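Novice: For reference, this is work.pdb, and it has PDB, C-alpha atoms and all ligand atoms.
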```
MODEL        1
ATOM      1  CA  MET P  25      -9.779  -5.383  25.715
ATOM      2  CA  ALA P  26      -8.426  -6.326  22.278
ATOM      3  CA  GLU P  27      -9.506  -3.985  19.468
ATOM      4  CA  ALA P  28      -9.877  -4.995  15.832
ATOM      5  CA  PRO P  29      -6.830  -3.664  13.989
ATOM      6  CA  ILE P  30      -7.032  -0.933  11.362
ATOM      7  CA  GLY P  31      -5.142  -1.537   8.106
ATOM      8  CA  ILE P  32      -3.097   1.322   6.653
ATOM      9  CA  PHE P  33      -2.437   1.062   2.939
ATOM     10  CA  GLY P  34      -0.341   3.784   1.343
ATOM     11  CA  GLY P  35       0.716   4.010  -2.285
ATOM     12  CA  THR P  36       1.032   6.292  -5.237
ATOM     13  CA  PHE P  37      -1.966   4.518  -6.833
ATOM     14  CA  ASP P  38      -0.974   5.845 -10.265
ATOM     15  CA  PRO P  39      -3.435   4.274 -11.089
ATOM     16  CA  ILE P  40      -5.027   1.958  -8.487
ATOM     17  CA  HIS P  41      -5.468  -1.594  -9.860
ATOM     18  CA  PHE P  42      -6.710  -5.075  -8.896
ATOM     19  CA  GLY P  43      -3.321  -5.971  -7.341
ATOM     20  CA  HIS P  44      -3.927  -3.248  -4.745
ATOM     21  CA  LEU P  45      -7.569  -4.147  -4.208
ATOM     22  CA  ARG P  46      -6.982  -7.886  -3.757
ATOM     23  CA  LEU P  47      -4.128  -7.158  -1.338
ATOM     24  CA  ALA P  48      -6.441  -4.995   0.787
ATOM     25  CA  GLU P  49      -9.340  -7.458   0.614
ATOM     26  CA  GLU P  50      -7.295 -10.562   1.429
ATOM     27  CA  MET P  51      -5.311  -8.898   4.212
ATOM     28  CA  ALA P  52      -8.570  -7.627   5.718
ATOM     29  CA  GLU P  53      -9.872 -11.192   5.781
ATOM     30  CA  GLN P  54      -6.693 -12.858   6.994
ATOM     31  CA  ILE P  55      -5.883 -10.364   9.768
ATOM     32  CA  ASN P  56      -9.497  -9.509  10.550
ATOM     33  CA  LEU P  57      -9.063  -5.797   9.965
ATOM     34  CA  ALA P  58     -11.929  -3.515  11.008
ATOM     35  CA  GLN P  59     -11.184  -1.211   8.073
ATOM     36  CA  ILE P  60      -8.471  -0.469   5.535
ATOM     37  CA  ARG P  61      -7.482   3.140   5.071
ATOM     38  CA  PHE P  62      -6.191   3.820   1.555
ATOM     39  CA  ILE P  63      -3.778   6.751   1.807
ATOM     40  CA  PRO P  64      -2.676   8.101  -1.584
ATOM     41  CA  ALA P  65       0.806   9.606  -1.400
ATOM     42  CA  GLY P  66       1.262  13.331  -1.768
ATOM     43  CA  THR P  67       4.929  13.658  -2.619
ATOM     44  CA  PRO P  68       6.649  10.353  -1.864
ATOM     45  CA  PRO P  69      10.252  10.917  -0.804
ATOM     46  CA  HIS P  70      11.779   7.519  -1.597
ATOM     47  CA  ARG P  71      10.740   7.210  -5.216
ATOM     48  CA  SER P  72      10.320   9.488  -8.209
ATOM     49  CA  MET P  73       7.453  11.981  -8.160
ATOM     50  CA  PRO P  74       4.171  10.535  -9.332
ATOM     51  CA  ARG P  75       3.462  11.928 -12.755
ATOM     52  CA  THR P  76      -0.282  12.125 -12.361
ATOM     53  CA  ASP P  77      -1.940  14.955 -10.521
ATOM     54  CA  ALA P  78      -2.816  14.040  -6.923
ATOM     55  CA  ALA P  79      -6.484  14.934  -7.445
ATOM     56  CA  HIS P  80      -6.763  12.403 -10.275
ATOM     57  CA  ARG P  81      -5.048   9.631  -8.282
ATOM     58  CA  LEU P  82      -7.385  10.338  -5.360
ATOM     59  CA  ALA P  83     -10.486  10.306  -7.584
ATOM     60  CA  MET P  84      -9.461   6.915  -8.991
ATOM     61  CA  VAL P  85      -8.962   5.499  -5.467
ATOM     62  CA  GLU P  86     -12.402   6.795  -4.490
ATOM     63  CA  LEU P  87     -14.026   5.146  -7.513
ATOM     64  CA  ALA P  88     -12.244   1.833  -6.928
ATOM     65  CA  THR P  89     -13.098   1.601  -3.222
ATOM     66  CA  ALA P  90     -16.629   3.041  -3.286
ATOM     67  CA  ASN P  91     -18.577  -0.212  -2.993
ATOM     68  CA  ASN P  92     -16.607  -1.812  -0.150
ATOM     69  CA  ALA P  93     -17.801  -0.865   3.346
ATOM     70  CA  ARG P  94     -14.415  -1.707   4.924
ATOM     71  CA  PHE P  95     -12.438   0.507   2.527
ATOM     72  CA  VAL P  96     -11.902   4.102   3.642
ATOM     73  CA  VAL P  97     -10.072   6.803   1.660
ATOM     74  CA  ASP P  98      -7.815   8.911   3.850
ATOM     75  CA  THR P  99      -6.544  12.142   2.286
ATOM     76  CA  ARG P 100      -4.178  13.219   5.042
ATOM     77  CA  GLU P 101      -0.989  12.872   2.950
ATOM     78  CA  MET P 102      -2.508  14.852   0.103
ATOM     79  CA  VAL P 103      -3.741  17.771   2.174
ATOM     80  CA  SER P 104      -0.703  18.114   4.431
ATOM     81  CA  PRO P 105       2.670  18.824   2.812
ATOM     82  CA  SER P 106       4.373  17.815   6.091
ATOM     83  CA  LEU P 107       3.110  14.212   5.752
ATOM     84  CA  SER P 108       5.461  12.999   3.044
ATOM     85  CA  TYR P 109       7.054  10.228   5.098
ATOM     86  CA  THR P 110       5.116   7.170   6.260
ATOM     87  CA  VAL P 111       6.515   7.567   9.762
ATOM     88  CA  ASP P 112       4.917  11.029  10.013
ATOM     89  CA  THR P 113       1.646   9.700   8.606
ATOM     90  CA  LEU P 114       1.622   7.012  11.302
ATOM     91  CA  HIS P 115       2.227   9.644  14.005
ATOM     92  CA  SER P 116      -0.758  11.539  12.614
ATOM     93  CA  LEU P 117      -2.867   8.345  12.661
ATOM     94  CA  ARG P 118      -1.871   7.787  16.299
ATOM     95  CA  VAL P 119      -3.229  11.248  17.121
ATOM     96  CA  SER P 120      -6.499  10.290  15.378
ATOM     97  CA  PHE P 121      -6.875   6.786  16.819
ATOM     98  CA  GLY P 122      -5.014   6.889  20.145
ATOM     99  CA  THR P 123      -2.157   4.871  21.567
ATOM    100  CA  THR P 124      -3.903   1.534  22.153
ATOM    101  CA  GLN P 125      -5.602   0.986  18.768
ATOM    102  CA  PRO P 126      -3.728  -1.712  16.781
ATOM    103  CA  LEU P 127      -2.585  -0.272  13.453
ATOM    104  CA  CYS P 128      -1.262  -2.493  10.702
ATOM    105  CA  LEU P 129       0.743  -1.082   7.798
ATOM    106  CA  LEU P 130       0.113  -3.177   4.670
ATOM    107  CA  LEU P 131       3.083  -3.570   2.323
ATOM    108  CA  GLY P 132       3.784  -5.607  -0.767
ATOM    109  CA  ALA P 133       6.996  -7.636  -0.583
ATOM    110  CA  ASP P 134       8.847  -5.185  -2.852
ATOM    111  CA  ALA P 135       8.044  -2.298  -0.527
ATOM    112  CA  PHE P 136       9.078  -4.258   2.566
ATOM    113  CA  LEU P 137      12.427  -5.231   1.040
ATOM    114  CA  GLY P 138      13.191  -1.523   0.551
ATOM    115  CA  LEU P 139      12.128  -0.531   4.068
ATOM    116  CA  THR P 140      15.601   0.411   5.370
ATOM    117  CA  ASN P 141      15.645   3.249   2.804
ATOM    118  CA  TRP P 142      12.590   4.814   4.406
ATOM    119  CA  ASN P 143      12.956   7.809   6.714
ATOM    120  CA  ARG P 144      13.348   6.739  10.408
ATOM    121  CA  TRP P 145      12.349   3.211   9.415
ATOM    122  CA  ARG P 146      12.921   1.628  12.841
ATOM    123  CA  GLU P 147      10.421   4.073  14.363
ATOM    124  CA  LEU P 148       7.698   2.503  12.179
ATOM    125  CA  PHE P 149       7.634  -0.482  14.553
ATOM    126  CA  ASP P 150       6.851   1.798  17.538
ATOM    127  CA  LEU P 151       3.796   3.078  15.704
ATOM    128  CA  SER P 152       2.351   0.142  13.786
ATOM    129  CA  HIS P 153       2.472  -3.533  12.978
ATOM    130  CA  ILE P 154       3.608  -4.419   9.460
ATOM    131  CA  ALA P 155       1.802  -6.997   7.315
ATOM    132  CA  ILE P 156       3.740  -8.121   4.250
ATOM    133  CA  ALA P 157       1.831  -9.490   1.265
ATOM    134  CA  HIS P 158       3.554 -11.724  -1.250
ATOM    135  CA  ARG P 159       4.010 -10.160  -4.698
ATOM    136  CA  PRO P 160       4.867 -11.882  -7.989
ATOM    137  CA  GLY P 161       8.483 -11.193  -8.911
ATOM    138  CA  TYR P 162       9.570 -11.245  -5.250
ATOM    139  CA  PRO P 163       9.497 -14.953  -4.267
ATOM    140  CA  GLN P 164       9.935 -15.526  -0.561
ATOM    141  CA  SER P 165      12.812 -17.945  -1.204
ATOM    142  CA  THR P 166      14.920 -14.962  -2.389
ATOM    143  CA  TRP P 167      13.962 -12.483   0.333
ATOM    144  CA  LYS P 168      16.828 -13.409   2.637
ATOM    145  CA  ASP P 169      19.366 -12.714  -0.111
ATOM    146  CA  ASN P 170      17.738  -9.386  -0.923
ATOM    147  CA  MET P 171      17.176  -8.195   2.607
ATOM    148  CA  PRO P 172      19.631  -5.984   4.537
ATOM    149  CA  GLU P 173      20.843  -7.676   7.728
ATOM    150  CA  ALA P 174      19.233  -5.027   9.939
ATOM    151  CA  LEU P 175      15.846  -5.737   8.392
ATOM    152  CA  ARG P 176      16.313  -9.497   8.681
ATOM    153  CA  ASP P 177      17.051  -9.051  12.400
ATOM    154  CA  GLU P 178      13.818  -7.116  12.868
ATOM    155  CA  LEU P 179      11.847  -9.699  10.918
ATOM    156  CA  GLU P 180      13.196 -12.595  12.982
ATOM    157  CA  LYS P 181      12.548 -10.737  16.234
ATOM    158  CA  ARG P 182       9.031  -9.561  15.384
ATOM    159  CA  LEU P 183       7.515 -12.309  13.232
ATOM    160  CA  ALA P 184       4.069 -13.202  14.586
ATOM    161  CA  HIS P 185       0.814 -14.965  13.792
ATOM    162  CA  PRO P 186      -2.025 -12.846  12.293
ATOM    163  CA  ASP P 187      -4.159 -13.501  15.394
ATOM    164  CA  ASP P 188      -1.555 -11.709  17.541
ATOM    165  CA  VAL P 189      -2.005  -8.401  15.739
ATOM    166  CA  LYS P 190      -5.087  -7.460  17.751
ATOM    167  CA  SER P 191      -3.360  -8.081  21.090
ATOM    168  CA  CYS P 192      -1.094  -5.019  21.020
ATOM    169  CA  ALA P 193      -0.929  -1.644  19.261
ATOM    170  CA  ALA P 194       2.303  -2.026  17.270
ATOM    171  CA  GLY P 195       5.603  -3.812  16.769
ATOM    172  CA  LEU P 196       4.789  -7.160  15.112
ATOM    173  CA  ILE P 197       5.418  -8.389  11.562
ATOM    174  CA  VAL P 198       3.148 -10.850   9.781
ATOM    175  CA  MET P 199       3.699 -12.312   6.324
ATOM    176  CA  ARG P 200       0.754 -13.512   4.281
ATOM    177  CA  PRO P 201       0.407 -15.178   0.895
ATOM    178  CA  ILE P 202      -2.293 -13.585  -1.267
ATOM    179  CA  THR P 203      -3.607 -14.385  -4.736
ATOM    180  CA  ALA P 204      -0.641 -13.707  -7.015
ATOM    181  CA  LEU P 205      -1.606 -10.975  -9.474
ATOM    182  CA  ASP P 206       1.310  -9.795 -11.554
ATOM    183  CA  ILE P 207      -0.137  -6.323 -12.076
ATOM    184  CA  SER P 208       1.704  -3.043 -11.618
ATOM    185  CA  ALA P 209       0.734   0.557 -12.210
ATOM    186  CA  THR P 210       3.882   0.910 -14.326
ATOM    187  CA  HIS P 211       2.644  -1.801 -16.682
ATOM    188  CA  ILE P 212      -0.812  -0.191 -16.910
ATOM    189  CA  ARG P 213       0.707   3.223 -17.719
ATOM    190  CA  ASP P 214       2.984   1.654 -20.333
ATOM    191  CA  THR P 215       0.043  -0.230 -21.858
ATOM    192  CA  LEU P 216      -1.999   2.968 -22.212
ATOM    193  CA  ARG P 217       0.965   4.967 -23.510
ATOM    194  CA  GLY P 218       1.536   2.228 -26.053
ATOM    195  CA  GLY P 219      -2.036   2.671 -27.287
ATOM    196  CA  ARG P 220      -3.150  -0.715 -25.889
ATOM    197  CA  ASN P 221      -6.042  -1.565 -23.557
ATOM    198  CA  PRO P 222      -5.376  -2.467 -19.868
ATOM    199  CA  ARG P 223      -8.969  -3.550 -19.186
ATOM    200  CA  TYR P 224      -9.372  -6.458 -16.724
ATOM    201  CA  LEU P 225      -6.269  -5.284 -14.825
ATOM    202  CA  LEU P 226      -8.150  -2.503 -13.029
ATOM    203  CA  PRO P 227     -11.802  -1.588 -12.312
ATOM    204  CA  ASP P 228     -13.854  -0.399 -15.293
ATOM    205  CA  ALA P 229     -14.793   2.778 -13.403
ATOM    206  CA  VAL P 230     -11.097   3.643 -13.076
ATOM    207  CA  LEU P 231     -10.429   2.940 -16.746
ATOM    208  CA  ASP P 232     -13.432   5.097 -17.723
ATOM    209  CA  TYR P 233     -12.034   7.888 -15.553
ATOM    210  CA  ILE P 234      -8.641   7.545 -17.254
ATOM    211  CA  HIS P 235     -10.237   7.866 -20.694
ATOM    212  CA  THR P 236     -12.532  10.755 -19.688
ATOM    213  CA  HIS P 237      -9.625  12.742 -18.264
ATOM    214  CA  GLN P 238      -7.161  11.678 -20.954
ATOM    215  CA  LEU P 239      -4.566  10.347 -18.528
ATOM    216  CA  TYR P 240      -1.517   8.314 -19.605
ATOM    217  CA  LEU P 241      -1.910   9.335 -23.241
ATOM    218  CA  PRO P 242       0.469   7.896 -25.824
ATOM    219  CA  GLU P 243       3.451  10.193 -26.223
ATOM    220  CA  ALA P 244       3.451  12.147 -29.490
ATOM    221  CA  THR P 245       6.200  11.036 -31.853
TER     222      THR P 245
HETATM  223  P1  LIG S   1       4.358   1.408  -9.727
HETATM  224  O1  LIG S   1       4.351   0.355 -10.792
HETATM  225  O2  LIG S   1       3.969   2.801 -10.228
HETATM  226  O3  LIG S   1       5.630   1.416  -8.896
HETATM  227  P2  LIG S   1       2.687  -0.248  -7.988
HETATM  228  O4  LIG S   1       1.767  -0.991  -8.887
HETATM  229  O5  LIG S   1       3.865  -0.982  -7.397
HETATM  230  O6  LIG S   1       3.164   1.094  -8.719
HETATM  231  P3  LIG S   1       2.192   1.357  -5.626
HETATM  232  O7  LIG S   1       1.118   2.383  -5.532
HETATM  233  O8  LIG S   1       3.584   1.820  -5.731
HETATM  234  O9  LIG S   1       1.798   0.376  -6.863
HETATM  235  O10 LIG S   1       2.073   0.275  -4.461
HETATM  236  C1  LIG S   1       1.403   0.467  -3.241
HETATM  237  C2  LIG S   1       1.568  -0.802  -2.438
HETATM  238  O11 LIG S   1       0.888  -1.896  -3.087
HETATM  239  C3  LIG S   1       3.023  -1.281  -2.235
HETATM  240  O12 LIG S   1       3.154  -1.754  -0.904
HETATM  241  C4  LIG S   1       3.158  -2.415  -3.242
HETATM  242  O13 LIG S   1       4.105  -3.371  -2.818
HETATM  243  C5  LIG S   1       1.755  -3.014  -3.238
HETATM  244  N1  LIG S   1       1.390  -3.667  -4.504
HETATM  245  C6  LIG S   1       1.164  -3.080  -5.692
HETATM  246  N2  LIG S   1       0.812  -3.962  -6.630
HETATM  247  C7  LIG S   1       0.814  -5.175  -6.028
HETATM  248  C8  LIG S   1       0.536  -6.521  -6.491
HETATM  249  N3  LIG S   1       0.212  -6.770  -7.768
HETATM  250  N4  LIG S   1       0.641  -7.535  -5.581
HETATM  251  C9  LIG S   1       0.994  -7.279  -4.284
HETATM  252  N5  LIG S   1       1.275  -6.030  -3.801
HETATM  253  C10 LIG S   1       1.183  -4.995  -4.654
ENDMDL
END
```
Once you've parsed the file, please lay out its structure as structure tokens.
Ligand code: ATP
Specialist:
Amino acid sequence: MAEAPIGIFGGTFDPIHFGHLRLAEEMAEQINLAQIRFIPAGTPPHRSMPRTDAAHRLAMVELATANNARFVVDTREMVSPSLSYTVDTLHSLRVSFGTTQPLCLLLGADAFLGLTNWNRWRELFDLSHIAIAHRPGYPQSTWKDNMPEALRDELEKRLAHPDDVKSCAAGLIVMRPITALDISATHIRDTLRGGRNPRYLLPDAVLDYIHTHQLYLPEAT
């Protein structure tokens, strides 16, 4: 029997913002996900270390997701130093959810285009589907030019309709347009460090937390 897929949404979330939340909400609707597991990164291997303490990033994810019944915060990458690669996180999720449960890794287009730099990236398809969300700055018309041939081959081979995701546990790729929100955590950090106000780009509760804990303070000159 087909099972409703579970969405897996990893990120540094430094801090979490409305770009992340709309991606999760719209992918949940479009692919009919039973839940979306937000998994804040511990020590991500393929990008620079997050500057903000993991406990703060986790607290902000918890605040931002608290009032959505489909959103679940999953701390496995934060509590286990061995889970620093997505492929290992997916193996751990397979242990939790079994071999037949459809899992669907949610990625923004920028993340997908960098996939061949990820550890054991081909193994990801044995463990999960991948759902790619459009992201401003990465128009689909330019993807082919920016995509390594090996990734393009996988995309052509695996491209499927969102309804197919529930029919098997892993291995398909779906691409979905979502509301284009040109928001990044980098821009929010820069705004705060510049002494400006990033309100309306992220939930008020997260911004309050940032102020209370004096995160992303302007650098002393
Ligand atoms: P930073 O600016 O620090 O690199 P970010 O805003 O890109 O951070 P991440 O935590 O690195 O956020 O991203 C987690 C995931 O969310 C990635 O798959 C990324 O592509 C996706 N994502 C982030 N912001 C958006 C957005 N505005 N629209 C679509 N996808 C997004």
Novice: Out of P:Gly31, P:Pro39, P:Pro186, P:Gly66, which residue has the shortest atom-to-atom distance to ligand LIG 1 (chain S) when counting only C-alpha atoms and all ligand atoms?
Specialist: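 Once distances to ligand LIG 1 (chain S) are computed over only C-alpha atoms and all ligand atoms, the minimum belongs to P:Pro39.
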Novice: Which residues come within 9 Å of Val96 in chain P, counting all atoms listed in the file, excluding same-chain residues fewer than 6 positions away, as a list in words?
Specialist: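 Close residues of Val96 in chain P: Gln59, Ile60, Arg61, Phe62, Ile63, Glu86, Thr89 and Ala90 of chain P.
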Novice: Please provide as number ranges by chain all residues within 12 Å of Met199 in chain P, with the sequence filter that same-chain residues fewer than 4 positions apart are discarded (counting only C-alpha atoms).
Specialist: P: 51, 54-55, 128-133, 136, 153-159, 164, 167, 179-180, 182-186, 189
Novice: Could you pull the residues within 8 Å of range 209-226 of chain P, counting all atoms listed in the file, minus those fewer than 5 positions along the same chain, as a list in words?
Specialist: Phe37, Asp38, Pro39, Ile40, His41, Phe42, Leu231, Tyr240, Leu241, Pro242 and Glu243 of chain P
Novice: In terms of the shortest atom-to-atom distance over only C-alpha atoms and all ligand atoms, which of P:Glu27, P:Asp228, P:Asp177, P:Glu50 is closest to ligand LIG 1 (chain S)?
Specialist: P:Glu50
Novice: Would you write out, as a list of chain:residue names, every residue that the PyMOL selection byres (((chain P and resi 122-126) around 8) and not hetatm) captures in this file?
Specialist: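 Residues picked by the PyMOL selection byres (((chain P and resi 122-126) around 8) and not hetatm): P:Glu27, P:Ala28, P:Pro29, P:Ile30, P:Leu117, P:Arg118, P:Val119, P:Ser120, P:Phe121, P:Leu127, P:Cys128, P:Ser152, P:His153, P:Val189, P:Lys190, P:Ser191, P:Cys192, P:Ala193, P:Ala194.
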Novice: Which value, in Å to one decimal, gives the distance between atom O2 of ligand LIG 1 (chain S) and CA of Ile207 in chain P?
Specialist: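 Atom-to-atom, atom O2 of ligand LIG 1 (chain S) to CA of Ile207 in chain P, that is 10.2 Å.
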Novice: CA of Arg94 in chain P and CA of Ala58 in chain P are how many Å apart?
Specialist: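 Pair CA of Arg94 in chain P / CA of Ala58 in chain P returns 6.8 Å.
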Novice: Calculate how many Å separate CA of Tyr233 in chain P from CA of Ala78 in chain P, rounding to one decimal.
Specialist: 14.0 Å
Novice: Using all atoms of ligand LIG 1 (chain S) listed in the file and a margin of 5 Å per side, can you give the axis-aligned box centre and edge lengths in Å to one decimal, as JSON?
Specialist:
```
{"center_x": 2.9, "center_y": -2.4, "center_z": -5.8, "size_x": 15.4, "size_y": 20.3, "size_z": 19.9}
```
Novice: I'd like to see the residues matched by the PyMOL selection byres (((chain P and resi 103) around 12) and not hetatm) on this file, and ideally I'd get them as a tab-separated table (two decimals) with C-alpha atoms, in the coordinates of the input.
Specialist:
```
chain	number	residue	atom	x	y	z
P	63	ILE	CA	-3.78	6.75	1.81
P	64	PRO	CA	-2.68	8.10	-1.58
P	65	ALA	CA	0.81	9.61	-1.40
P	66	GLY	CA	1.26	13.33	-1.77
P	67	THR	CA	4.93	13.66	-2.62
P	78	ALA	CA	-2.82	14.04	-6.92
P	79	ALA	CA	-6.48	14.93	-7.44
P	82	LEU	CA	-7.38	10.34	-5.36
P	98	ASP	CA	-7.82	8.91	3.85
P	99	THR	CA	-6.54	12.14	2.29
P	100	ARG	CA	-4.18	13.22	5.04
P	101	GLU	CA	-0.99	12.87	2.95
P	102	MET	CA	-2.51	14.85	0.10
P	104	SER	CA	-0.70	18.11	4.43
P	105	PRO	CA	2.67	18.82	2.81
P	106	SER	CA	4.37	17.82	6.09
P	107	LEU	CA	3.11	14.21	5.75
P	108	SER	CA	5.46	13.00	3.04
P	113	THR	CA	1.65	9.70	8.61
```
Novice: Name the closest residue to ligand LIG 1 (chain S) among the candidates P:Lys181, P:Arg200, P:Arg144, P:Arg176; distances are taken between atoms, counting all atoms listed in the file.
Specialist: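 Residue with the minimum atom-to-atom distance to ligand LIG 1 (chain S): P:Arg200.
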